[in-house]
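Visitor: Please find final_10.txt (compact mmCIF, C-alpha atoms) on the next line:
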```
# COMPACT_ATOMS: atom_id res chain seq x y z
CA MET A 93 -88.86 24.57 19.56
CA ALA A 94 -87.06 21.35 20.47
CA LYS A 95 -83.66 20.96 18.86
CA ALA A 96 -82.00 17.95 17.31
CA VAL A 97 -78.52 17.08 18.57
CA GLY A 98 -75.53 15.36 16.99
CA ILE A 99 -74.04 12.52 18.99
CA ASP A 100 -70.67 10.84 18.56
CA LEU A 101 -71.30 7.60 20.45
CA GLY A 102 -67.73 6.43 20.88
CA THR A 103 -66.11 3.25 22.18
CA THR A 104 -64.38 5.08 25.05
CA ASN A 105 -65.82 8.60 24.96
CA SER A 106 -68.98 10.24 23.64
CA VAL A 107 -69.70 13.83 22.64
CA VAL A 108 -72.93 15.74 21.99
CA ALA A 109 -73.24 18.90 19.87
CA VAL A 110 -76.01 21.22 18.77
CA LEU A 111 -76.52 23.94 16.16
CA GLU A 112 -76.65 27.42 17.64
CA ALA A 113 -77.12 30.24 15.12
CA GLY A 114 -75.78 28.04 12.35
CA GLU A 115 -72.64 27.04 14.26
CA ALA A 116 -72.10 23.58 15.74
CA VAL A 117 -71.33 23.84 19.45
CA VAL A 118 -70.20 21.04 21.74
CA ILE A 119 -72.34 20.78 24.86
CA PRO A 120 -70.49 20.35 28.16
CA ASN A 121 -71.80 17.61 30.46
CA SER A 122 -72.98 18.10 34.04
CA GLU A 123 -69.38 17.70 35.25
CA GLY A 124 -68.30 20.53 32.94
CA SER A 125 -66.39 18.31 30.54
CA ARG A 126 -66.85 18.30 26.76
CA THR A 127 -66.44 14.55 26.45
CA THR A 128 -68.24 11.89 28.47
CA PRO A 129 -66.63 8.47 29.04
CA SER A 130 -68.81 5.73 27.46
CA VAL A 131 -68.76 3.79 30.71
CA VAL A 132 -71.82 2.50 32.56
CA ALA A 133 -71.75 0.92 36.00
CA PHE A 134 -74.21 -0.43 38.51
CA SER A 135 -73.08 0.48 42.01
CA LYS A 136 -73.46 -1.96 44.88
CA ALA A 137 -76.33 0.21 46.08
CA GLY A 138 -78.11 -0.44 42.78
CA GLU A 139 -77.53 3.04 41.41
CA VAL A 140 -76.70 3.50 37.71
CA LEU A 141 -73.48 5.43 37.19
CA VAL A 142 -72.61 6.88 33.78
CA GLY A 143 -69.52 8.67 32.49
CA GLU A 144 -66.69 9.98 34.66
CA VAL A 145 -68.13 8.58 37.92
CA ALA A 146 -68.44 5.13 36.34
CA LYS A 147 -64.92 5.29 34.90
CA ARG A 148 -63.42 6.22 38.27
CA GLN A 149 -64.64 3.00 39.86
CA ALA A 150 -64.21 0.77 36.79
CA ILE A 151 -61.26 -1.23 38.06
CA THR A 152 -62.41 -1.52 41.66
CA ASN A 153 -65.89 -2.69 40.60
CA PRO A 154 -65.16 -4.56 37.35
CA GLU A 155 -67.99 -7.11 37.51
CA ARG A 156 -70.61 -4.38 37.42
CA THR A 157 -68.92 -1.93 35.04
CA PHE A 158 -69.34 -1.89 31.27
CA ARG A 159 -66.86 -0.15 29.02
CA SER A 160 -66.26 -0.37 25.25
CA ILE A 161 -69.77 -1.81 24.88
CA LYS A 162 -69.74 -0.50 21.31
CA ARG A 163 -67.68 -3.56 20.36
CA HIS A 164 -70.71 -5.74 21.11
CA MET A 165 -73.26 -3.69 19.17
CA GLY A 166 -75.28 -5.86 16.79
CA GLU A 167 -74.12 -9.06 18.47
CA ASN A 168 -76.29 -11.46 20.38
CA TRP A 169 -74.41 -10.52 23.53
CA LYS A 170 -75.82 -10.24 27.04
CA SER A 171 -74.11 -9.06 30.18
CA GLU A 172 -73.49 -11.21 33.20
CA ASP A 173 -76.27 -11.13 35.74
CA VAL A 174 -76.44 -7.75 37.51
CA ASP A 175 -78.96 -7.78 40.35
CA GLY A 176 -81.08 -10.35 38.55
CA LYS A 177 -81.02 -8.68 35.12
CA LYS A 178 -78.93 -9.35 32.04
CA TYR A 179 -78.38 -6.33 29.81
CA THR A 180 -78.08 -6.12 26.01
CA PRO A 181 -75.50 -3.77 24.42
CA GLN A 182 -78.39 -1.53 23.31
CA GLU A 183 -79.63 -1.14 26.89
CA ILE A 184 -76.15 -0.26 28.15
CA SER A 185 -75.44 2.17 25.29
CA ALA A 186 -78.84 3.76 25.93
CA ARG A 187 -77.64 4.71 29.44
CA THR A 188 -74.80 6.73 27.92
CA LEU A 189 -77.24 8.33 25.46
CA MET A 190 -79.65 9.15 28.31
CA LYS A 191 -76.92 11.04 30.13
CA LEU A 192 -75.96 12.96 26.98
CA LYS A 193 -79.66 13.75 26.42
CA ARG A 194 -80.16 14.91 30.03
CA ASP A 195 -77.04 17.08 29.98
CA ALA A 196 -78.01 18.59 26.62
CA GLU A 197 -81.50 19.39 27.95
CA ALA A 198 -80.03 21.08 31.03
CA TYR A 199 -77.72 23.12 28.82
CA LEU A 200 -80.41 24.10 26.28
CA GLY A 201 -83.23 24.52 28.77
CA ASP A 202 -85.45 22.54 26.42
CA THR A 203 -86.37 18.94 25.73
CA VAL A 204 -84.23 17.00 23.27
CA THR A 205 -86.10 14.32 21.35
CA GLN A 206 -84.21 13.98 18.07
CA ALA A 207 -80.64 13.03 17.30
CA VAL A 208 -78.24 12.13 14.52
CA ILE A 209 -75.83 9.45 15.75
CA THR A 210 -72.53 8.50 14.13
CA VAL A 211 -71.13 4.99 13.63
CA PRO A 212 -67.88 3.60 12.17
CA ALA A 213 -67.92 3.24 8.38
CA TYR A 214 -67.47 -0.53 8.72
CA PHE A 215 -70.62 -1.02 10.84
CA ASP A 216 -73.03 -3.43 9.14
CA ASP A 217 -76.85 -3.31 9.15
CA ALA A 218 -77.19 -5.18 12.44
CA GLN A 219 -74.78 -2.79 14.16
CA ARG A 220 -76.53 0.27 12.73
CA THR A 221 -79.94 -1.06 13.74
CA ALA A 222 -78.67 -1.78 17.26
CA THR A 223 -77.42 1.81 17.49
CA LYS A 224 -80.87 3.09 16.47
CA GLU A 225 -82.48 0.83 19.08
CA ALA A 226 -80.18 2.25 21.76
CA GLY A 227 -81.40 5.71 20.76
CA ALA A 228 -85.02 4.63 20.97
CA ILE A 229 -84.51 3.14 24.46
CA ALA A 230 -82.99 6.47 25.51
CA GLY A 231 -86.08 8.28 24.26
CA LEU A 232 -84.47 9.69 21.13
CA GLU A 233 -85.85 9.60 17.63
CA VAL A 234 -82.77 8.82 15.57
CA LEU A 235 -83.18 10.94 12.45
CA ARG A 236 -80.12 9.53 10.79
CA ILE A 237 -77.14 7.28 11.31
CA ILE A 238 -74.10 8.71 9.56
CA ASN A 239 -70.53 7.46 9.14
CA GLU A 240 -67.92 8.93 11.48
CA PRO A 241 -65.40 9.75 8.72
CA THR A 242 -68.17 11.50 6.75
CA ALA A 243 -69.05 13.58 9.82
CA ALA A 244 -65.38 14.48 10.30
CA ALA A 245 -65.12 15.65 6.68
CA LEU A 246 -68.32 17.71 7.12
CA ALA A 247 -66.85 19.42 10.18
CA TYR A 248 -64.00 20.64 8.00
CA GLY A 249 -66.49 21.89 5.41
CA LEU A 250 -64.87 19.71 2.75
CA ASN A 251 -68.23 19.30 1.00
CA LYS A 252 -68.18 22.98 0.00
CA GLY A 253 -65.49 22.63 -2.68
CA GLU A 254 -66.14 22.92 -6.39
CA GLU A 255 -64.16 19.96 -7.66
CA ASP A 256 -64.13 16.35 -6.51
CA GLU A 257 -61.79 15.68 -3.65
CA THR A 258 -60.26 12.64 -2.00
CA VAL A 259 -60.03 12.73 1.77
CA LEU A 260 -58.26 10.35 4.11
CA VAL A 261 -59.59 10.17 7.66
CA PHE A 262 -57.18 8.74 10.24
CA ASP A 263 -59.17 7.93 13.37
CA LEU A 264 -57.34 6.65 16.45
CA GLY A 265 -59.70 6.64 19.40
CA GLY A 266 -59.49 5.20 22.88
CA GLY A 267 -60.31 1.65 21.86
CA THR A 268 -60.46 1.45 18.09
CA PHE A 269 -58.49 2.50 15.05
CA ASP A 270 -59.69 3.02 11.52
CA VAL A 271 -58.60 4.67 8.32
CA SER A 272 -61.19 5.62 5.70
CA VAL A 273 -60.83 7.05 2.24
CA LEU A 274 -63.73 9.25 1.11
CA GLU A 275 -64.56 10.68 -2.25
CA ILE A 276 -66.49 13.96 -2.15
CA GLY A 277 -68.19 15.42 -5.19
CA ASP A 278 -71.26 17.66 -5.51
CA GLY A 279 -71.72 17.51 -1.75
CA VAL A 280 -72.10 13.72 -1.94
CA PHE A 281 -69.86 11.51 0.16
CA GLU A 282 -68.79 8.06 -0.84
CA VAL A 283 -66.72 5.87 1.47
CA LYS A 284 -64.25 4.27 -0.94
CA SER A 285 -62.58 2.02 1.60
CA THR A 286 -62.18 1.56 5.31
CA HIS A 287 -59.70 -0.52 7.26
CA GLY A 288 -58.65 -0.71 10.83
CA ASP A 289 -58.14 -2.59 14.01
CA THR A 290 -61.10 -2.72 16.39
CA HIS A 291 -58.77 -3.57 19.26
CA LEU A 292 -56.16 -0.85 18.99
CA GLY A 293 -56.48 2.54 20.62
CA GLY A 294 -55.23 4.98 23.22
CA ASP A 295 -56.07 2.49 25.98
CA ASP A 296 -53.29 0.24 24.65
CA TRP A 297 -50.79 3.09 24.95
CA ASP A 298 -51.96 3.60 28.57
CA GLN A 299 -51.57 -0.11 29.27
CA ARG A 300 -47.91 -0.02 28.18
CA VAL A 301 -47.27 2.76 30.67
CA ILE A 302 -49.09 0.81 33.41
CA ASP A 303 -47.00 -2.31 32.67
CA TRP A 304 -43.83 -0.23 32.81
CA MET A 305 -44.84 1.37 36.14
CA VAL A 306 -45.65 -2.04 37.62
CA GLN A 307 -42.28 -3.37 36.45
CA GLN A 308 -40.34 -0.38 37.85
CA PHE A 309 -42.12 -0.69 41.18
CA LYS A 310 -41.53 -4.43 41.39
CA ALA A 311 -37.84 -3.95 40.69
CA ALA A 312 -37.59 -1.26 43.38
CA HIS A 313 -39.80 -2.70 46.11
CA GLY A 314 -40.49 -6.32 45.19
CA VAL A 315 -44.25 -5.63 45.27
CA ASP A 316 -46.57 -6.47 42.35
CA LEU A 317 -49.14 -3.69 42.05
CA ALA A 318 -50.99 -5.47 39.23
CA VAL A 319 -52.78 -7.72 41.71
CA ASP A 320 -54.07 -4.76 43.73
CA ARG A 321 -57.27 -3.32 42.24
CA MET A 322 -57.20 -0.01 44.08
CA ALA A 323 -53.60 0.54 42.98
CA THR A 324 -54.38 -0.47 39.39
CA GLN A 325 -57.21 2.08 39.17
CA ARG A 326 -54.78 4.81 40.24
CA LEU A 327 -52.10 3.54 37.84
CA LYS A 328 -54.59 3.64 34.97
CA GLU A 329 -55.49 7.26 35.69
CA ALA A 330 -51.83 8.20 36.12
CA ALA A 331 -50.85 6.46 32.87
CA GLU A 332 -53.49 8.34 30.90
CA LYS A 333 -52.36 11.64 32.43
CA ALA A 334 -48.69 10.88 31.70
CA LYS A 335 -49.48 10.02 28.08
CA ILE A 336 -51.39 13.29 27.63
CA GLU A 337 -48.59 15.32 29.23
CA LEU A 338 -45.98 13.71 26.98
CA SER A 339 -47.80 15.07 23.94
CA GLN A 340 -46.77 18.55 25.14
CA ASN A 341 -43.61 17.88 27.12
CA GLN A 342 -40.49 15.78 26.68
CA GLN A 343 -40.77 14.35 30.18
CA THR A 344 -43.38 13.81 32.88
CA GLN A 345 -43.33 12.97 36.57
CA ILE A 346 -45.59 10.19 37.85
CA ASN A 347 -46.12 10.70 41.54
CA LEU A 348 -48.50 8.43 43.46
CA PRO A 349 -48.15 8.66 47.24
CA PHE A 350 -49.33 5.76 49.41
CA ILE A 351 -49.84 3.51 46.39
CA THR A 352 -49.61 0.46 48.63
CA ALA A 353 -48.32 -0.64 52.01
CA THR A 354 -46.24 -3.52 53.30
CA ALA A 355 -45.61 -4.68 56.86
CA ALA A 356 -42.75 -2.18 56.88
CA GLY A 357 -45.10 0.73 56.14
CA PRO A 358 -46.50 2.69 53.19
CA LEU A 359 -44.82 2.79 49.78
CA HIS A 360 -44.92 5.61 47.26
CA MET A 361 -44.38 5.74 43.54
CA ASP A 362 -42.30 8.51 42.06
CA GLU A 363 -41.12 7.83 38.53
CA SER A 364 -40.01 10.00 35.68
CA LEU A 365 -41.01 9.02 32.14
CA THR A 366 -39.49 10.62 29.07
CA ARG A 367 -41.21 10.94 25.71
CA ALA A 368 -38.39 8.87 24.16
CA LYS A 369 -38.98 6.02 26.62
CA PHE A 370 -42.76 6.24 26.08
CA GLN A 371 -42.28 6.01 22.32
CA GLU A 372 -39.96 3.05 22.77
CA LEU A 373 -42.55 1.25 24.96
CA THR A 374 -45.25 1.79 22.34
CA ALA A 375 -43.31 1.54 19.06
CA ASP A 376 -45.04 -1.69 18.00
CA LEU A 377 -48.49 -0.16 18.60
CA LEU A 378 -47.61 2.67 16.25
CA GLU A 379 -46.40 0.12 13.71
CA ARG A 380 -49.85 -1.54 13.81
CA CYS A 381 -51.34 1.69 12.42
CA ARG A 382 -49.32 1.35 9.23
CA LYS A 383 -50.92 -1.68 7.61
CA PRO A 384 -54.61 -0.64 7.73
CA PHE A 385 -53.51 2.71 6.37
CA GLU A 386 -51.77 1.21 3.35
CA GLN A 387 -54.62 -1.27 2.86
CA ALA A 388 -57.23 1.51 2.80
CA ILE A 389 -55.33 3.39 0.09
CA THR A 390 -54.82 0.23 -1.97
CA ASP A 391 -58.49 -0.77 -1.66
CA ALA A 392 -59.58 2.68 -2.82
CA GLY A 393 -57.44 2.10 -5.91
CA LEU A 394 -55.36 5.18 -5.22
CA SER A 395 -51.78 6.22 -4.71
CA LYS A 396 -50.73 8.44 -1.79
CA GLY A 397 -50.28 11.39 -4.11
CA GLN A 398 -53.97 11.43 -5.00
CA ILE A 399 -55.11 12.35 -1.49
CA ASN A 400 -56.15 16.00 -1.19
CA HIS A 401 -56.80 16.20 2.55
CA VAL A 402 -55.82 14.25 5.63
CA ILE A 403 -57.98 14.59 8.74
CA LEU A 404 -57.02 13.43 12.22
CA VAL A 405 -59.80 12.16 14.48
CA GLY A 406 -59.62 10.90 18.06
CA GLY A 407 -57.68 12.19 21.06
CA SER A 408 -54.89 9.68 20.48
CA THR A 409 -53.89 11.50 17.29
CA ARG A 410 -52.49 14.25 19.53
CA MET A 411 -49.46 12.04 20.18
CA PRO A 412 -46.51 13.51 18.25
CA ALA A 413 -45.40 10.05 17.12
CA VAL A 414 -48.82 9.43 15.55
CA GLN A 415 -48.77 12.79 13.76
CA ASP A 416 -45.27 12.09 12.45
CA LEU A 417 -46.38 8.67 11.21
CA VAL A 418 -49.37 10.14 9.35
CA GLN A 419 -47.19 12.79 7.82
CA SER A 420 -44.55 10.29 6.70
CA LEU A 421 -47.20 7.94 5.29
CA THR A 422 -49.16 10.57 3.36
CA GLY A 423 -46.46 13.12 2.71
CA LYS A 424 -49.06 15.72 3.78
CA GLU A 425 -49.50 17.97 6.76
CA PRO A 426 -52.72 16.68 8.39
CA ASN A 427 -55.63 19.06 9.08
CA ARG A 428 -56.02 19.58 12.77
CA THR A 429 -57.77 22.91 13.21
CA VAL A 430 -60.82 21.20 14.71
CA ASN A 431 -60.37 19.47 18.07
CA PRO A 432 -59.90 15.75 17.23
CA ASP A 433 -62.08 14.70 20.19
CA GLU A 434 -64.99 16.77 18.95
CA VAL A 435 -64.73 16.77 15.16
CA VAL A 436 -67.18 13.87 14.64
CA ALA A 437 -69.92 15.31 16.87
CA ILE A 438 -69.53 18.73 15.25
CA GLY A 439 -69.98 17.16 11.82
```
Could you write out this file's structure as structure tokens?

Guide:
Amino acid sequence: MAKAVGIDLGTTNSVVAVLEAGEAVVIPNSEGSRTTPSVVAFSKAGEVLVGEVAKRQAITNPERTFRSIKRHMGENWKSEDVDGKKYTPQEISARTLMKLKRDAEAYLGDTVTQAVITVPAYFDDAQRTATKEAGAIAGLEVLRIINEPTAAALAYGLNKGEEDETVLVFDLGGGTFDVSVLEIGDGVFEVKSTHGDTHLGGDDWDQRVIDWMVQQFKAAHGVDLAVDRMATQRLKEAAEKAKIELSQNQQTQINLPFITATAAGPLHMDESLTRAKFQELTADLLERCRKPFEQAITDAGLSKGQINHVILVGGSTRMPAVQDLVQSLTGKEPNRTVNPDEVVAIG
């Protein structure tokens, strides 16, 4: 019997989950990873690359790589010409969905034809319809489109309670940020308000680290790495790794041998970045999370004290500074027993 899957089609990463014996399980992709970058590229040889392989060549092959395509969903947008074809956001998103479908089929040993796909609470009809179309192109019957914050609340089983509850979902992903206030009663979810910044996410934190590395290197060697695509690709990967390490440790070492070469010979990068310095470089980004948060609470007609649960969604909420901000804003310890990368797909 063919199973239906749950898909979190994200701006930067996507996740697919399935029910096994009543439990939601995240399906690893063919590379063995539980999240798949929402990146699609057309190689020079005309091959379609999706996920990690596409992300790894994103900066060296920018004209033929599409990332954060979710931002164009529902718009009358078309890609630049790629080998004589212009692609719509639906067609590009469908490539990501096709990979998730293929990997789920390989894992389940069965065909997958039905899916529930999540979208941000602020998506309008055109954006929801475009998401359904992407599913159809990928060969999926989209049973339902549900809101990401609703899915996150479901993953925490917050619909099981007896009395009405107010839940705040703080979602900081790779490319987007939103805060939603939900009211749950009798198993029914109502999105009371949603606010955010569609151009704020973990990628911006990475970019600050990249800028800092470029600056340090320029000061030391007089070479600007920002103009070198191969170097920039490596800096991007190193920045992301450094950011992730600083969520656990107070300091991280960024070591990139042979990052570039001058007439005098090869140059290496070896820098140490502390959590304090990282937080200083990104303080204004954190500040930008504050306003949408306050706005969402005001729009819901609530005070902070009326919130029963706070849920963190998105890998970027692993940053200690983000967790501290949420705690200081709500006065509550946020729920984080479910992996923030996977909580939406599980729901």

Visitor: Show me the residues close to (-56.3, 7.7, -2.7) - anything with an atom within 9 Å, counting all atoms listed in the file - and format the list as a PDB file with C-alpha atoms, keeping the file's coordinate frame.

Guide:
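File written: result00.pdb
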```pdb
ATOM      1  CA  THR A 258     -60.260  12.640  -2.000  1.00  0.00           C
ATOM      2  CA  VAL A 259     -60.030  12.730   1.770  1.00  0.00           C
ATOM      3  CA  LEU A 260     -58.260  10.350   4.110  1.00  0.00           C
ATOM      4  CA  VAL A 273     -60.830   7.050   2.240  1.00  0.00           C
ATOM      5  CA  LEU A 274     -63.730   9.250   1.110  1.00  0.00           C
ATOM      6  CA  GLU A 275     -64.560  10.680  -2.250  1.00  0.00           C
ATOM      7  CA  LYS A 284     -64.250   4.270  -0.940  1.00  0.00           C
ATOM      8  CA  ALA A 388     -57.230   1.510   2.800  1.00  0.00           C
ATOM      9  CA  ILE A 389     -55.330   3.390   0.090  1.00  0.00           C
ATOM     10  CA  THR A 390     -54.820   0.230  -1.970  1.00  0.00           C
ATOM     11  CA  ASP A 391     -58.490  -0.770  -1.660  1.00  0.00           C
ATOM     12  CA  ALA A 392     -59.580   2.680  -2.820  1.00  0.00           C
ATOM     13  CA  GLY A 393     -57.440   2.100  -5.910  1.00  0.00           C
ATOM     14  CA  LEU A 394     -55.360   5.180  -5.220  1.00  0.00           C
ATOM     15  CA  SER A 395     -51.780   6.220  -4.710  1.00  0.00           C
ATOM     16  CA  LYS A 396     -50.730   8.440  -1.790  1.00  0.00           C
ATOM     17  CA  GLY A 397     -50.280  11.390  -4.110  1.00  0.00           C
ATOM     18  CA  GLN A 398     -53.970  11.430  -5.000  1.00  0.00           C
ATOM     19  CA  ILE A 399     -55.110  12.350  -1.490  1.00  0.00           C
ATOM     20  CA  ASN A 400     -56.150  16.000  -1.190  1.00  0.00           C
TER      21      ASN A 400
END
```

Visitor: Given 3 Å of margin on each side, can you work out the centre and size in Å (one decimal) of an axis-aligned box holding every listed atom of region 165-176 of chain A, as AutoDock Vina command-line options?

Guide:
```
--center_x -77.2 --center_y -7.6 --center_z 28.6 --size_x 13.8 --size_y 13.8 --size_z 29.6
```

Visitor: Between A:Glu257, A:Asp433, A:Asp195, A:Glu240, which has the minimum distance to Val97 (chain A) (counting all atoms listed in the file)?

Guide: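 Of the candidates, the smallest distance to Val97 (chain A) is held by A:Asp195.
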
Visitor: Nearest to Lys136 (chain A) among A:Met305, A:Val107, A:Ala116, A:Val174, with distances taken over only C-alpha atoms: which residue is it?

Guide: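 Looking at the shortest contact to Lys136 (chain A), the residue is A:Val174.
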
Visitor: Go through A:Leu235, A:Ala186, A:Ile151, A:Leu338 and flag the residue nearest Ala368 (chain A), using all atoms listed in the file for the distances.

Guide: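 Selected residue with least distance to Ala368 (chain A): A:Leu338.
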
Visitor: Go through A:Glu255, A:Glu172, A:Thr268, A:Glu329 one by one, measure the shortest atom-to-atom distance of each to Glu144 (chain A) using all atoms listed in the file, and give the residue with the smallest value.

Guide: A:Glu329
